[in-house]
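J.: Got a structure for you, written out below as structure tokens; questions coming shortly.
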Amino acid sequence: MGMTEKKNIKELYSTRGISEAVYQYGEKILGGLEERFRKVDEVAEFNQMKVLGAMQDCRVSEACLFPSTGYGYNDLGREKLEEVYAAAFHTEDALVRPLIACGTHALAVALAGNLRPGDELLCPAGKPYDTLEEVIGIRPSNGSLAEYGITYRQVDLLPDESFDYEAIRGAVNERTKLAAIQRSKGYQTRPSFGVDEIGELIRFLKEIKPDLICMVDNCYGEFTETKEPTEVGADLLVGSLIKNPGGGLAPIGGYIAGKKQYVENAAFRLTTPGLGKEVGATLGVTQSFFQGFFLSPTVTAAALKGAMFASAVYESLGFQCVPGVDEERHDIIQSVVFGKKEGVIAFCQGIQAAAPVDAHVVPEPWAMPGYDSDVIMAAGAFVQGSSIELSADGPIKEPYAVYFQGGLTWPHAKFGILMSLQKLVEAGLVDEKDLLI
């Protein structure tokens, strides 16, 4: 890029509110990320070929893109899409539906479909994501698993944030039916788990109880590595289409992939016993689902680059970042610990100000359903709540960490991080003089 082009780009950033100091600091940080970005592109290329291969091998045709209505009987596109997901994730079957409202819904369907009264659910990797607490019944709620006589047991991570294998062995009993492993960190500051690490845990669980169903919450993790948890022993894989696999195009939906019996059980819970996967109109979203899945590897790569940039920027300013700039990544989430609520709020307001939609709106913390504290969310997205698009959120409680994810393109992710830094400077939480060193 010539000097004229760089000058023009800098001027464009300036018109969007980015100061000279913030822009130059970002450019300095980017200089050290070239090799990491190259590796991200290699993973994206591998996964792009994997998804393309699944679509070609499954003989996706133009007829698969047509919508269905009513009962949705004999919906070719729906059936072919589920075949593609199963092929890409190396599973026997998949359930991919717009009827699934969100990731939490997908997890609830998978759990309720495969657990029965008297069974016990085990979380061997610590507390699950906040919205699952009411699904399980950790926090009482109408219709929770606890109300149906399904008990719950949890094994926390060791102080070094590794699995407590000894405690897990002691927790598995004759009633333990399903182990739920959350790949991403959720609203915690622990590292996210890699596919190989999850595979080791699954092998350990299966040695103790071979018929134990091992389910992985794969939200935010799809296509960040060259393999998925179902390739290392997971019986069920669950995720949301307004995260990685929707590629920013899916307007709603979720997926459950895995062994045929367990997917079928989930389908009977999603619709009704006896009907299962046979019903469920797609209402015109099938093309977006196919195209989003096709784009997902490169969209995920853009989000990973944004997360790396965020980590490099904020770690260099002395903030705790998980993962750190030199650590391996197993999902698209980047957490930054500010230690005070003002940092979380300023960061989110910067992300909102960088959005293509509702950039003029200023987010504030509020009591969101399903959470035990006020939460602030920034997501000026084309799809409401889509966290594969540029977004950030965090609970307003200790340790006052923000969770950043998404960015359909790398340039937009870059702008979002620069704007978050700009808002921290304007709030007096980062001294602009520190950017000039």
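Just remember, in the structure tokens the first chain shown is A, the second B, etc., residues are 1-based per chain, and ligands are 1-based in the order shown.
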Could you tell me, as a ChimeraX atom specification, which residues of segment 68-236 of chain A DSSP assigns to helix (DSSP H, G or I) when given the backbone?

T.: /A:76-88,103-114,132-136,145-148,165-171,195-208,229-232

J.: List every residue of segment 304-437 of chain A that DSSP, applied to the backbone of this structure, places in strand (DSSP E or B), and write the result as a list in words.

T.: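 Selection result, strand (DSSP E or B) within segment 304-437 of chain A: Gln320, Cys321, Val322, Gln334, Ser335, Val336, Val337, Trp366, Val375, Ile376, Met377, Ala378, Ser391, Ala392, Asp393, Gly394, Pro395, Ala401, Val402, Tyr403, Phe404 and Gln405 of chain A.
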
J.: Go ahead and write the selection's residues with N, CA and C atoms as a PDB file, in the first residue's frame.

T.:
ATOM      1  N   GLN A 320      -5.260  -7.716  31.917  1.00  0.00           N
ATOM      2  CA  GLN A 320      -5.248  -9.178  31.799  1.00  0.00           C
ATOM      3  C   GLN A 320      -6.149  -9.597  30.645  1.00  0.00           C
ATOM      4  N   CYS A 321      -5.615 -10.401  29.738  1.00  0.00           N
ATOM      5  CA  CYS A 321      -6.368 -10.873  28.581  1.00  0.00           C
ATOM      6  C   CYS A 321      -6.354 -12.394  28.546  1.00  0.00           C
ATOM      7  N   VAL A 322      -7.516 -12.977  28.291  1.00  0.00           N
ATOM      8  CA  VAL A 322      -7.636 -14.431  28.169  1.00  0.00           C
ATOM      9  C   VAL A 322      -8.367 -14.748  26.871  1.00  0.00           C
ATOM     10  N   GLN A 334     -12.622 -13.190  23.150  1.00  0.00           N
ATOM     11  CA  GLN A 334     -11.494 -12.563  23.818  1.00  0.00           C
ATOM     12  C   GLN A 334     -12.004 -11.847  25.058  1.00  0.00           C
ATOM     13  N   SER A 335     -11.505 -12.217  26.209  1.00  0.00           N
ATOM     14  CA  SER A 335     -11.893 -11.497  27.432  1.00  0.00           C
ATOM     15  C   SER A 335     -10.774 -10.548  27.843  1.00  0.00           C
ATOM     16  N   VAL A 336     -11.192  -9.401  28.349  1.00  0.00           N
ATOM     17  CA  VAL A 336     -10.262  -8.401  28.875  1.00  0.00           C
ATOM     18  C   VAL A 336     -10.769  -8.017  30.259  1.00  0.00           C
ATOM     19  N   VAL A 337      -9.923  -8.147  31.254  1.00  0.00           N
ATOM     20  CA  VAL A 337     -10.308  -7.838  32.630  1.00  0.00           C
ATOM     21  C   VAL A 337      -9.906  -6.396  32.935  1.00  0.00           C
ATOM     22  N   TRP A 366     -28.246  -3.650  31.961  1.00  0.00           N
ATOM     23  CA  TRP A 366     -29.632  -3.864  32.340  1.00  0.00           C
ATOM     24  C   TRP A 366     -29.826  -5.305  32.800  1.00  0.00           C
ATOM     25  N   VAL A 375     -26.245  -6.919  32.897  1.00  0.00           N
ATOM     26  CA  VAL A 375     -25.344  -7.246  31.786  1.00  0.00           C
ATOM     27  C   VAL A 375     -25.397  -6.095  30.784  1.00  0.00           C
ATOM     28  N   ILE A 376     -24.249  -5.756  30.216  1.00  0.00           N
ATOM     29  CA  ILE A 376     -24.217  -4.779  29.127  1.00  0.00           C
ATOM     30  C   ILE A 376     -23.867  -5.523  27.846  1.00  0.00           C
ATOM     31  N   MET A 377     -24.568  -5.194  26.778  1.00  0.00           N
ATOM     32  CA  MET A 377     -24.323  -5.847  25.493  1.00  0.00           C
ATOM     33  C   MET A 377     -24.242  -4.810  24.389  1.00  0.00           C
ATOM     34  N   ALA A 378     -23.238  -4.948  23.548  1.00  0.00           N
ATOM     35  CA  ALA A 378     -23.089  -4.092  22.372  1.00  0.00           C
ATOM     36  C   ALA A 378     -23.162  -4.979  21.146  1.00  0.00           C
ATOM     37  N   SER A 391     -19.339  -7.714  18.280  1.00  0.00           N
ATOM     38  CA  SER A 391     -20.148  -7.595  19.486  1.00  0.00           C
ATOM     39  C   SER A 391     -19.271  -7.705  20.719  1.00  0.00           C
ATOM     40  N   ALA A 392     -19.813  -7.254  21.826  1.00  0.00           N
ATOM     41  CA  ALA A 392     -19.123  -7.358  23.111  1.00  0.00           C
ATOM     42  C   ALA A 392     -20.165  -7.309  24.209  1.00  0.00           C
ATOM     43  N   ASP A 393     -19.874  -7.983  25.296  1.00  0.00           N
ATOM     44  CA  ASP A 393     -20.809  -7.989  26.416  1.00  0.00           C
ATOM     45  C   ASP A 393     -20.066  -8.376  27.679  1.00  0.00           C
ATOM     46  N   GLY A 394     -20.741  -8.213  28.793  1.00  0.00           N
ATOM     47  CA  GLY A 394     -20.136  -8.599  30.058  1.00  0.00           C
ATOM     48  C   GLY A 394     -21.069  -8.344  31.212  1.00  0.00           C
ATOM     49  N   PRO A 395     -20.985  -9.181  32.256  1.00  0.00           N
ATOM     50  CA  PRO A 395     -21.788  -8.957  33.463  1.00  0.00           C
ATOM     51  C   PRO A 395     -21.171  -7.847  34.310  1.00  0.00           C
ATOM     52  N   ALA A 401     -14.976  -8.077  33.737  1.00  0.00           N
ATOM     53  CA  ALA A 401     -14.343  -8.467  32.482  1.00  0.00           C
ATOM     54  C   ALA A 401     -15.331  -8.275  31.346  1.00  0.00           C
ATOM     55  N   VAL A 402     -14.802  -7.898  30.182  1.00  0.00           N
ATOM     56  CA  VAL A 402     -15.624  -7.777  28.983  1.00  0.00           C
ATOM     57  C   VAL A 402     -15.274  -8.933  28.057  1.00  0.00           C
ATOM     58  N   TYR A 403     -16.261  -9.355  27.279  1.00  0.00           N
ATOM     59  CA  TYR A 403     -16.072 -10.476  26.363  1.00  0.00           C
ATOM     60  C   TYR A 403     -16.371  -9.985  24.957  1.00  0.00           C
ATOM     61  N   PHE A 404     -15.335  -9.988  24.132  1.00  0.00           N
ATOM     62  CA  PHE A 404     -15.424  -9.469  22.772  1.00  0.00           C
ATOM     63  C   PHE A 404     -15.400 -10.629  21.791  1.00  0.00           C
ATOM     64  N   GLN A 405     -16.230 -10.544  20.764  1.00  0.00           N
ATOM     65  CA  GLN A 405     -16.223 -11.592  19.750  1.00  0.00           C
ATOM     66  C   GLN A 405     -16.783 -11.056  18.433  1.00  0.00           C
TER      67      GLN A 405
END

J.: With a distance cut-off of 12 Å and only C-alpha atoms, select the neighbouring residues of Lys433 of chain A, excluding the residue or stretch itself and same-chain residues fewer than 2 positions from it, and output the selection as a ChimeraX atom specification.

T.: /A:20-22,25,317,425,428-431,435-437

J.: Those selected residues, please, written with N, CA and C atoms and delivered as a CSV table (one decimal), in the first residue's frame.

T.:
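part-v4.csv, freshly written:
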chain,number,residue,atom,x,y,z
A,20,GLU,N,-5.3,10.3,16.2
A,20,GLU,CA,-4.0,10.0,15.6
A,20,GLU,C,-3.3,9.0,16.5
A,21,ALA,N,-3.3,9.2,17.8
A,21,ALA,CA,-2.5,8.4,18.7
A,21,ALA,C,-3.1,7.0,18.7
A,22,VAL,N,-4.4,6.8,18.8
A,22,VAL,CA,-5.0,5.5,18.8
A,22,VAL,C,-4.8,4.8,17.5
A,25,TYR,N,-1.1,3.7,17.3
A,25,TYR,CA,-0.8,2.6,18.3
A,25,TYR,C,-1.3,1.3,17.7
A,317,LEU,N,-1.2,-2.8,27.1
A,317,LEU,CA,-1.5,-1.7,28.0
A,317,LEU,C,-1.7,-2.1,29.5
A,425,VAL,N,-9.9,5.9,26.2
A,425,VAL,CA,-9.1,7.1,26.3
A,425,VAL,C,-10.0,8.3,26.7
A,428,GLY,N,-11.0,8.4,30.3
A,428,GLY,CA,-9.9,8.6,31.2
A,428,GLY,C,-9.4,7.3,31.8
A,429,LEU,N,-9.7,6.2,31.2
A,429,LEU,CA,-9.3,4.9,31.7
A,429,LEU,C,-8.0,4.4,31.1
A,430,VAL,N,-7.6,5.0,30.0
A,430,VAL,CA,-6.3,4.8,29.4
A,430,VAL,C,-5.8,6.2,29.1
A,431,ASP,N,-4.5,6.4,29.5
A,431,ASP,CA,-3.9,7.7,29.2
A,431,ASP,C,-3.3,7.7,27.8
A,435,LEU,N,0.0,5.7,24.7
A,435,LEU,CA,0.0,5.2,23.4
A,435,LEU,C,1.1,5.8,22.5
A,436,LEU,N,1.8,6.7,23.0
A,436,LEU,CA,2.8,7.4,22.3
A,436,LEU,C,4.2,6.8,22.5
A,437,ILE,N,4.3,5.9,23.5
A,437,ILE,CA,5.6,5.3,23.9
A,437,ILE,C,6.0,4.4,22.8

J.: Would you please work out which residue, of A:Glu83, A:Glu120, A:Glu147, A:Asp196, is nearest to Val96 of chain A when using only C-alpha atoms?

T.: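 Going through A:Glu83, A:Glu120, A:Glu147, A:Asp196 one by one, the smallest distance to Val96 of chain A is for A:Glu83.
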
J.: Got a sec: who's within 9 Å of segment 63-67 of chain A, counting only C-alpha atoms, leaving out chain neighbours fewer than 3 positions off, as an MDAnalysis selection string?

T.: chainID A and resid 60 72 75:81 281:288 290

J.: When you look at Phe294 of chain A with a cut-off of 8 Å (counting only C-alpha atoms), what residues show up, excluding the ones that are within fewer than 5 positions of it in the same chain? I need them as a PDB file with C-alpha atoms, in the first residue's frame.

T.:
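Result written to selection15.pdb:
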ATOM      1  CA  GLN A  48     -13.197 -24.005   3.665  1.00  0.00           C
ATOM      2  CA  VAL A  51     -17.167 -27.462   4.069  1.00  0.00           C
ATOM      3  CA  LEU A  52     -16.991 -27.242   0.286  1.00  0.00           C
ATOM      4  CA  GLY A 247     -21.516 -17.093   8.766  1.00  0.00           C
TER       5      GLY A 247
END
